[in-house]
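The file entry-v5.pdb comes next; it holds PDB, C-alpha atoms and all ligand atoms.
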MODEL        1
ATOM      1  CA  MET D  85      71.549  98.787  79.829
ATOM      2  CA  ASN D  86      71.676  96.251  82.622
ATOM      3  CA  SER D  87      75.197  96.619  83.976
ATOM      4  CA  TYR D  88      77.458  99.328  85.347
ATOM      5  CA  THR D  89      81.053  99.303  86.582
ATOM      6  CA  ASP D  90      81.775 101.606  89.503
ATOM      7  CA  ASN D  91      85.439 102.622  89.341
ATOM      8  CA  THR D  92      85.146 105.126  92.162
ATOM      9  CA  ALA D  93      84.928 102.662  95.080
ATOM     10  CA  GLU D  94      88.222 102.627  96.947
ATOM     11  CA  GLY D  95      87.554 100.385  99.900
ATOM     12  CA  GLY D  96      84.947 100.512 102.613
ATOM     13  CA  THR D  97      81.365  99.305 102.574
ATOM     14  CA  PHE D  98      79.049 100.427  99.798
ATOM     15  CA  TYR D  99      75.366  99.745  99.148
ATOM     16  CA  TYR D 100      73.824  99.951  95.695
ATOM     17  CA  ARG D 101      70.301 100.090  94.351
ATOM     18  CA  VAL D 102      68.979 100.740  90.872
ATOM     19  CA  THR D 103      65.863 102.584  89.725
ATOM     20  CA  ALA D 104      64.455 103.179  86.271
ATOM     21  CA  SER D 105      63.066 106.570  85.351
ATOM     22  CA  ASN D 106      61.326 108.197  82.418
ATOM     23  CA  ALA D 107      59.568 111.503  81.787
ATOM     24  CA  ASN D 108      56.808 110.504  84.221
ATOM     25  CA  GLY D 109      59.124 109.857  87.137
ATOM     26  CA  GLU D 110      61.130 107.198  88.846
ATOM     27  CA  GLY D 111      60.151 103.560  89.352
ATOM     28  CA  ALA D 112      60.452 101.488  92.494
ATOM     29  CA  SER D 113      63.961 100.706  93.732
ATOM     30  CA  SER D 114      65.602  97.350  93.193
ATOM     31  CA  THR D 115      66.564  95.377  96.283
ATOM     32  CA  ARG D 116      69.672  96.793  97.913
ATOM     33  CA  VAL D 117      72.879  94.866  97.251
ATOM     34  CA  THR D 118      76.290  94.945  98.868
ATOM     35  CA  PRO D 119      79.170  93.994  96.608
ATOM     36  CA  THR D 120      81.961  91.825  97.884
ATOM     37  CA  THR D 121      85.180  93.800  97.589
ATOM     38  CA  PRO D 122      88.006  91.540  96.434
ATOM     39  CA  GLU D 123      90.819  91.257  98.939
ATOM     40  CA  SER D 124      94.036  92.950  97.900
ATOM     41  CA  PRO D 125      97.457  92.292  99.421
ATOM     42  CA  CYS D 126      98.263  95.920  98.556
ATOM     43  CA  GLU D 127      95.464  97.686 100.395
ATOM     44  CA  GLY D 128      93.722  97.819 103.736
ATOM     45  CA  ALA D 129      93.899  94.784 105.990
ATOM     46  CA  GLY D 130      95.041  92.692 103.022
ATOM     47  CA  VAL D 131      94.097  89.090 102.415
ATOM     48  CA  THR D 132      92.621  86.793 105.050
ATOM     49  CA  VAL D 133      95.163  84.230 106.204
ATOM     50  CA  LEU D 134      93.066  82.582 108.879
ATOM     51  CA  THR D 135      89.779  83.028 110.699
ATOM     52  CA  ASP D 136      88.873  81.841 114.169
ATOM     53  CA  ALA D 137      85.555  81.525 115.992
ATOM     54  CA  SER D 138      84.221  84.394 118.089
ATOM     55  CA  GLY D 139      83.645  83.907 121.821
ATOM     56  CA  ASP D 140      86.116  81.094 122.326
ATOM     57  CA  SER D 141      88.855  82.654 124.423
ATOM     58  CA  LEU D 142      89.610  80.413 127.397
ATOM     59  CA  ASP D 143      89.290  83.239 129.930
ATOM     60  CA  GLY D 144      86.283  84.888 128.237
ATOM     61  CA  SER D 145      88.206  88.091 127.471
ATOM     62  CA  GLY D 146      87.491  89.803 124.148
ATOM     63  CA  GLN D 147      91.097  91.011 124.170
ATOM     64  CA  HIS D 148      92.215  87.378 123.992
ATOM     65  CA  ASP D 149      89.744  86.217 121.350
ATOM     66  CA  VAL D 150      91.250  86.077 117.843
ATOM     67  CA  LEU D 151      88.747  86.585 115.019
ATOM     68  CA  SER D 152      91.039  86.711 112.014
ATOM     69  CA  LEU D 153      94.525  87.335 110.715
ATOM     70  CA  HIS D 154      95.265  89.218 107.503
ATOM     71  CA  ALA D 155      98.504  89.803 105.611
ATOM     72  CA  ALA D 156      99.258  92.799 103.375
ATOM     73  CA  GLU D 157     102.123  94.480 101.575
ATOM     74  CA  PRO D 158     101.137  98.139 101.210
ATOM     75  CA  TYR D 159     103.460  99.911  98.787
ATOM     76  CA  GLN D 160     106.566 101.437 100.383
ATOM     77  CA  ALA D 161     107.677 104.503  98.445
ATOM     78  CA  ASP D 162     111.287 104.009  99.574
ATOM     79  CA  GLY D 163     111.365 100.587  97.928
ATOM     80  CA  SER D 164     111.675  98.686 101.183
ATOM     81  CA  GLU D 165     109.857  95.377 101.523
ATOM     82  CA  LYS D 166     107.503  94.960 104.478
ATOM     83  CA  VAL D 167     104.752  92.594 105.509
ATOM     84  CA  VAL D 168     101.858  93.952 107.566
ATOM     85  CA  PHE D 169      99.904  91.487 109.677
ATOM     86  CA  THR D 170      96.534  92.625 110.973
ATOM     87  CA  LEU D 171      95.217  90.626 113.880
ATOM     88  CA  LYS D 172      91.511  91.236 114.505
ATOM     89  CA  MET D 173      90.495  90.635 118.103
ATOM     90  CA  ARG D 174      86.895  90.476 119.330
ATOM     91  CA  ASP D 175      87.169  93.473 121.682
ATOM     92  CA  MET D 176      90.287  95.532 122.453
ATOM     93  CA  SER D 177      88.458  98.232 124.419
ATOM     94  CA  GLY D 178      89.566  99.128 127.925
ATOM     95  CA  PRO D 179      93.095  98.979 129.333
ATOM     96  CA  LEU D 180      95.252  96.270 127.779
ATOM     97  CA  THR D 181      95.620  93.206 129.958
ATOM     98  CA  PRO D 182      99.130  93.142 131.471
ATOM     99  CA  SER D 183     101.786  90.505 130.744
ATOM    100  CA  THR D 184     100.048  89.406 127.551
ATOM    101  CA  THR D 185     101.506  88.504 124.159
ATOM    102  CA  TRP D 186      99.522  88.744 120.898
ATOM    103  CA  ARG D 187     101.841  86.785 118.666
ATOM    104  CA  VAL D 188     101.816  85.706 115.024
ATOM    105  CA  TYR D 189     104.096  82.754 114.266
ATOM    106  CA  PHE D 190     105.108  81.487 110.853
ATOM    107  CA  THR D 191     107.749  79.639 108.872
ATOM    108  CA  GLY D 192     109.713  81.820 106.457
ATOM    109  CA  ALA D 193     110.735  81.037 102.897
ATOM    110  CA  ASP D 194     114.093  79.966 104.364
ATOM    111  CA  ALA D 195     112.293  77.221 106.386
ATOM    112  CA  LYS D 196     113.144  78.998 109.646
ATOM    113  CA  GLY D 197     110.575  79.977 112.266
ATOM    114  CA  TYR D 198     109.742  83.631 112.980
ATOM    115  CA  PHE D 199     107.303  85.632 115.039
ATOM    116  CA  VAL D 200     106.070  89.192 115.300
ATOM    117  CA  ASP D 201     104.006  90.342 118.251
ATOM    118  CA  MET D 202     102.475  92.987 120.463
ATOM    119  CA  ARG D 203     103.142  92.446 124.117
ATOM    120  CA  THR D 204     102.307  94.216 127.359
ATOM    121  CA  ASP D 205     104.494  94.517 130.426
ATOM    122  CA  SER D 206     103.249  93.970 133.969
ATOM    123  CA  LEU D 207     101.721  97.473 133.908
ATOM    124  CA  GLY D 208      99.915  96.950 130.583
ATOM    125  CA  ALA D 209     102.219  99.132 128.438
ATOM    126  CA  ALA D 210     102.442  97.840 124.852
ATOM    127  CA  SER D 211     105.517  97.213 122.705
ATOM    128  CA  PHE D 212     106.014  95.508 119.340
ATOM    129  CA  ARG D 213     108.781  92.973 118.667
ATOM    130  CA  HIS D 214     109.962  90.349 116.240
ATOM    131  CA  GLY D 215     112.103  87.287 116.671
ATOM    132  CA  THR D 216     112.825  83.697 115.780
ATOM    133  CA  TYR D 217     110.874  80.619 116.693
ATOM    134  CA  ILE D 218     111.766  76.939 116.741
ATOM    135  CA  HIS D 219     108.684  74.864 116.012
ATOM    136  CA  ASN D 220     108.311  71.604 117.853
ATOM    137  CA  ALA D 221     107.583  68.843 115.383
ATOM    138  CA  ASP D 222     104.425  67.795 117.236
ATOM    139  CA  ASN D 223     102.945  71.340 117.163
ATOM    140  CA  THR D 224     103.360  71.813 120.904
ATOM    141  CA  GLN D 225     104.838  75.131 121.936
ATOM    142  CA  GLY D 226     108.363  75.664 120.701
ATOM    143  CA  THR D 227     111.032  78.177 121.665
ATOM    144  CA  ALA D 228     110.737  81.899 120.878
ATOM    145  CA  THR D 229     113.730  84.251 120.953
ATOM    146  CA  THR D 230     113.132  88.004 120.713
ATOM    147  CA  VAL D 231     115.483  89.731 118.265
ATOM    148  CA  GLY D 232     114.364  93.369 118.175
ATOM    149  CA  ASN D 233     111.606  95.869 117.571
ATOM    150  CA  ALA D 234     108.956  95.470 114.910
ATOM    151  CA  ASP D 235     108.723  98.328 112.396
ATOM    152  CA  ALA D 236     107.147 101.756 112.805
ATOM    153  CA  GLY D 237     103.433 101.645 112.119
ATOM    154  CA  SER D 238     102.861  98.738 114.468
ATOM    155  CA  LYS D 239      99.920  99.650 116.701
ATOM    156  CA  TYR D 240      96.612  98.559 118.130
ATOM    157  CA  ASP D 241      93.231 100.173 117.746
ATOM    158  CA  ALA D 242      90.843  99.866 120.690
ATOM    159  CA  GLN D 243      87.927 100.937 118.465
ATOM    160  CA  THR D 244      88.272  98.316 115.745
ATOM    161  CA  GLY D 245      90.055  95.621 117.753
ATOM    162  CA  ALA D 246      92.822  95.535 115.143
ATOM    163  CA  ILE D 247      96.433  94.902 116.080
ATOM    164  CA  THR D 248      98.780  95.967 113.266
ATOM    165  CA  LEU D 249     102.194  94.318 113.160
ATOM    166  CA  VAL D 250     104.648  95.712 110.599
ATOM    167  CA  VAL D 251     107.849  93.819 109.911
ATOM    168  CA  SER D 252     110.565  94.350 107.304
ATOM    169  CA  ASN D 253     111.198  91.337 105.115
ATOM    170  CA  SER D 254     114.846  91.583 106.164
ATOM    171  CA  LYS D 255     113.756  90.664 109.709
ATOM    172  CA  ILE D 256     112.022  87.466 108.568
ATOM    173  CA  GLY D 257     114.631  85.898 106.307
ATOM    174  CA  SER D 258     114.238  88.324 103.354
ATOM    175  CA  PRO D 259     111.459  86.523 101.453
ATOM    176  CA  LYS D 260     110.881  87.736  97.884
ATOM    177  CA  ALA D 261     107.794  88.037  95.686
ATOM    178  CA  GLY D 262     106.421  84.567  95.043
ATOM    179  CA  ASP D 263     107.904  83.156  98.255
ATOM    180  CA  LYS D 264     105.550  81.661 100.786
ATOM    181  CA  LEU D 265     105.174  82.194 104.516
ATOM    182  CA  SER D 266     103.711  78.955 105.817
ATOM    183  CA  ARG D 267     102.464  77.305 108.992
ATOM    184  CA  ILE D 268     101.047  80.617 110.185
ATOM    185  CA  PHE D 269      99.315  80.607 113.541
ATOM    186  CA  VAL D 270      98.431  82.877 116.438
ATOM    187  CA  ARG D 271      98.732  82.487 120.170
ATOM    188  CA  ILE D 272      97.780  84.854 122.961
ATOM    189  CA  PRO D 273      99.562  83.652 126.096
ATOM    190  CA  VAL D 274      98.543  85.588 129.208
ATOM    191  CA  VAL D 275     100.921  85.210 132.126
ATOM    192  CA  ALA D 276      99.271  84.768 135.546
ATOM    193  CA  VAL D 277      95.719  84.706 134.156
ATOM    194  CA  VAL D 278      95.917  81.723 131.845
ATOM    195  CA  PRO D 279      99.314  80.024 131.672
ATOM    196  CA  ASP D 280      99.152  79.573 127.912
ATOM    197  CA  ASN D 281      96.896  79.566 124.913
ATOM    198  CA  ALA D 282      94.232  81.972 126.039
ATOM    199  CA  ASN D 283      93.295  81.655 122.401
ATOM    200  CA  TYR D 284      94.936  79.498 119.873
ATOM    201  CA  ALA D 285      94.532  79.250 116.140
ATOM    202  CA  SER D 286      96.011  75.884 115.201
ATOM    203  CA  PRO D 287      99.237  75.644 113.260
ATOM    204  CA  SER D 288      98.669  74.100 109.885
ATOM    205  CA  ALA D 289     100.820  73.621 106.840
ATOM    206  CA  ALA D 290      97.864  74.795 104.775
ATOM    207  CA  VAL D 291      97.750  78.249 106.390
ATOM    208  CA  ALA D 292     100.097  80.275 104.235
ATOM    209  CA  TYR D 293     100.587  83.606 102.546
ATOM    210  CA  THR D 294     102.412  84.082  99.237
ATOM    211  CA  LEU D 295     104.210  87.411  98.925
ATOM    212  CA  VAL D 296     103.435  89.684  95.988
ATOM    213  CA  GLY D 297     106.396  92.018  96.577
ATOM    214  CA  ASN D 298     106.533  95.767  97.034
ATOM    215  CA  ALA D 299     106.875  96.712  93.376
ATOM    216  CA  SER D 300     103.633  95.063  92.314
ATOM    217  CA  CYS D 301     101.714  97.081  94.926
ATOM    218  CA  GLN D 302     102.684 100.452  93.553
ATOM    219  CA  ALA D 303      99.979 102.660  92.130
ATOM    220  CA  LYS D 304      99.464 102.831  88.395
ATOM    221  CA  PRO D 305     101.020 105.977  86.898
ATOM    222  CA  ALA D 306      98.845 108.956  86.062
ATOM    223  CA  ALA D 307      98.051 109.211  82.366
ATOM    224  CA  PRO D 308     100.056 111.672  80.263
ATOM    225  CA  SER D 309      98.036 114.543  78.783
ATOM    226  CA  SER D 310      98.057 117.225  76.080
ATOM    227  CA  LEU D 311      99.508 114.984  73.382
ATOM    228  CA  THR D 312     100.179 116.835  70.129
ATOM    229  CA  ALA D 313     101.334 115.486  66.750
ATOM    230  CA  ALA D 314     102.803 117.678  63.998
ATOM    231  CA  ASN D 315     104.873 117.333  60.846
ATOM    232  CA  GLY D 316     108.555 117.737  61.566
ATOM    233  CA  GLN D 317     111.418 118.975  59.443
ATOM    234  CA  GLY D 318     111.459 117.302  56.047
ATOM    235  CA  LYS D 319     109.085 114.644  54.830
ATOM    236  CA  GLY D 320     107.971 111.487  56.603
ATOM    237  CA  VAL D 321     108.723 112.860  60.071
ATOM    238  CA  VAL D 322     106.148 113.297  62.870
ATOM    239  CA  GLU D 323     106.989 115.153  66.068
ATOM    240  CA  LEU D 324     105.029 114.179  69.193
ATOM    241  CA  SER D 325     104.988 115.912  72.527
ATOM    242  CA  TRP D 326     102.947 115.407  75.703
ATOM    243  CA  VAL D 327     102.799 116.405  79.341
ATOM    244  CA  ASP D 328     104.289 114.009  81.912
ATOM    245  CA  ARG D 329     101.807 113.830  84.800
ATOM    246  CA  SER D 330     103.199 110.784  86.627
ATOM    247  CA  ASP D 331     105.924 110.543  89.248
ATOM    248  CA  ASN D 332     106.359 106.773  89.217
ATOM    249  CA  GLU D 333     106.650 105.831  85.542
ATOM    250  CA  GLU D 334     109.476 103.706  84.203
ATOM    251  CA  SER D 335     108.688 104.530  80.596
ATOM    252  CA  PHE D 336     106.095 105.853  78.174
ATOM    253  CA  LEU D 337     104.603 103.672  75.456
ATOM    254  CA  VAL D 338     103.870 105.402  72.150
ATOM    255  CA  GLU D 339     101.108 103.855  70.043
ATOM    256  CA  ARG D 340     100.020 104.662  66.493
ATOM    257  CA  SER D 341      97.174 103.741  64.157
ATOM    258  CA  THR D 342      95.772 104.851  60.827
ATOM    259  CA  SER D 343      92.259 104.650  62.334
ATOM    260  CA  VAL D 344      91.107 106.706  65.290
ATOM    261  CA  GLU D 345      88.951 103.842  66.562
ATOM    262  CA  GLY D 346      91.450 101.023  66.868
ATOM    263  CA  GLY D 347      94.299  99.088  65.391
ATOM    264  CA  TYR D 348      96.884 100.887  67.511
ATOM    265  CA  ILE D 349     100.302  99.302  67.646
ATOM    266  CA  GLN D 350     103.209 100.270  69.877
ATOM    267  CA  VAL D 351     105.838 102.086  67.822
ATOM    268  CA  SER D 352     108.233 103.067  70.580
ATOM    269  CA  THR D 353     109.109 103.123  74.265
ATOM    270  CA  VAL D 354     110.785 106.170  75.773
ATOM    271  CA  GLY D 355     112.202 106.636  79.237
ATOM    272  CA  ALA D 356     110.827 108.181  82.423
ATOM    273  CA  GLY D 357     110.365 111.930  82.247
ATOM    274  CA  VAL D 358     110.689 112.030  78.443
ATOM    275  CA  THR D 359     107.902 114.111  76.879
ATOM    276  CA  ALA D 360     108.682 113.989  73.151
ATOM    277  CA  TYR D 361     109.189 111.444  70.395
ATOM    278  CA  THR D 362     110.089 111.723  66.715
ATOM    279  CA  ASP D 363     108.462 109.098  64.497
ATOM    280  CA  ARG D 364     110.474 108.581  61.288
ATOM    281  CA  THR D 365     108.654 105.405  60.258
ATOM    282  CA  VAL D 366     105.579 107.021  58.689
ATOM    283  CA  PHE D 367     104.395 107.004  55.076
ATOM    284  CA  ARG D 368     103.817 110.290  53.280
ATOM    285  CA  LYS D 369     100.337 111.759  52.754
ATOM    286  CA  THR D 370      98.787 109.521  55.380
ATOM    287  CA  THR D 371      96.733 110.422  58.458
ATOM    288  CA  TYR D 372      98.076 108.901  61.659
ATOM    289  CA  TYR D 373      96.568 108.802  65.126
ATOM    290  CA  TYR D 374      98.779 108.613  68.213
ATOM    291  CA  ARG D 375      98.233 107.949  71.892
ATOM    292  CA  VAL D 376     100.687 107.592  74.793
ATOM    293  CA  ARG D 377     100.521 105.898  78.182
ATOM    294  CA  ALA D 378     102.881 105.589  81.133
ATOM    295  CA  VAL D 379     103.986 102.257  82.615
ATOM    296  CA  ASN D 380     105.650 101.589  85.976
ATOM    297  CA  SER D 381     108.414  99.141  86.833
ATOM    298  CA  SER D 382     105.991  96.346  87.684
ATOM    299  CA  GLY D 383     104.077  96.716  84.414
ATOM    300  CA  GLY D 384     101.204  98.812  85.794
ATOM    301  CA  LYS D 385      99.921 100.969  82.950
ATOM    302  CA  SER D 386      98.201 104.335  83.093
ATOM    303  CA  GLY D 387      95.186 105.232  81.034
ATOM    304  CA  TYR D 388      95.836 106.694  77.601
ATOM    305  CA  SER D 389      96.496 110.298  76.797
ATOM    306  CA  ASN D 390      94.208 112.065  74.363
ATOM    307  CA  VAL D 391      94.508 110.916  70.768
ATOM    308  CA  ALA D 392      96.426 113.326  68.507
ATOM    309  CA  SER D 393      96.364 113.109  64.725
ATOM    310  CA  VAL D 394      98.476 114.449  61.879
ATOM    311  CA  ARG D 395      98.405 114.079  58.086
ATOM    312  CA  THR D 396     101.935 113.591  56.853
ATOM    313  CA  ARG D 397     103.308 115.665  53.977
TER     314      ARG D 397
HETATM  315 CA    CA D 401      88.562  83.224 118.529
HETATM  316 CA    CA D 402     107.261 111.575  85.373
ENDMDL
END

With the file now loaded, output its structure as structure tokens.
Ligand SMILES: [Ca+2]
Ligand SMILES: [Ca+2]
Amino acid sequence: MNSYTDNTAEGGTFYYRVTASNANGEGASSTRVTPTTPESPCEGAGVTVLTDASGDSLDGSGQHDVLSLHAAEPYQADGSEKVVFTLKMRDMSGPLTPSTTWRVYFTGADAKGYFVDMRTDSLGAASFRHGTYIHNADNTQGTATTVGNADAGSKYDAQTGAITLVVSNSKIGSPKAGDKLSRIFVRIPVVAVVPDNANYASPSAAVAYTLVGNASCQAKPAAPSSLTAANGQGKGVVELSWVDRSDNEESFLVERSTSVEGGYIQVSTVGAGVTAYTDRTVFRKTTYYYRVRAVNSSGGKSGYSNVASVRTR
């Protein structure tokens, strides 16, 4: 063996090393490796939209030094559509600087300008807002109009330097899966300290984020269990039953084969919450193997149930 897939890693930083052992003990360790975790729009900070140099804020403040911007669409159980922007700053420790705006600007799928921000008042108290923005054609500062509050969950973390900005899609022109937010950029204007652009990540048509949509971020269903197969009433009838262990399935897929190892084909689809199926398409005096899996509305499939077999009469 010279490979292994670790399915238990769920985000965070992991270190791996490999040793060989036999009856006489364990060999020397391999060099330690750190895997690169693929970015997911459904989890954590999401995907990186832009990065910016460290140590380049005009006033030297870590609170005004953008490092990166991420976009994510963590699954919303109520079916609402939200985009979460995570703005990583170099250092958010200490009291927030007053009269400061940490603002993400972008063009929506409807070609209109929007923003979402964290801002502090003259006493340094934070609030989170969204609004519209008219871009100047020459990329100089345009006109921002505040519309209302950003969504619950918007916050900043002094420990990690992350500013989380949550905004419902309905507040940014209702973009759908596959739509693109473009010309994304960040500005941190600080009134009275630096008139504008304490840090500035340039607007660019190339900086964009394509939405995946809420449904495609939902978890895969849990696999059904305890599948049984038995002869039903009469001949050429197999009765299946299983235990529904998922709360987000759209349907169950029933598969059948005449070999336990493979060759399974889907023989039926039954609805959410259904835990039985009668197969009337079998030959007599034949051994069949069945397995069932759950599938959600975005096509995410569970693992398979156990395999159950029956010899027809
Ligand atoms: Ca920076
Ligand atoms: Ca269920």

Cut-off 9 Å, only C-alpha atoms and all ligand atoms, neighbours of ligand CA 402 (chain D) as a ChimeraX atom specification: /D:305-306,308,327-335,356-359,378

All residues having an atom within 9 Å of ligand CA 401 (chain D) (all atoms listed in the file) as an NGL selection string: :D and (135-141 or 146 or 148-152 or 173-174 or 283-285)

Near-D:Lys264 list (7 Å; only C-alpha atoms; drop same-chain fewer than 6 positions) as a PyMOL selection string: chain D and resi 193+292-295

Contact residues around D:Ala313 with all atoms listed in the file at 9 Å, ignoring same-chain residues under 4 positions, as an MDAnalysis selection string: chainID D and resid 322:325 372:374 392:394

Among the residues D:Val200, D:Pro182, D:Arg267, D:Asn220, the one that comes closest to D:Asp235 [using all atoms listed in the file]: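 Closest residue, counting all atoms listed in the file: D:Val200.
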
For atom CA of D:Gly192 and atom CA of D:Thr132, the interatomic separation in Å (one decimal):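 Spanning atom CA of D:Gly192 to atom CA of D:Thr132 is a straight-line distance of 17.9 Å.
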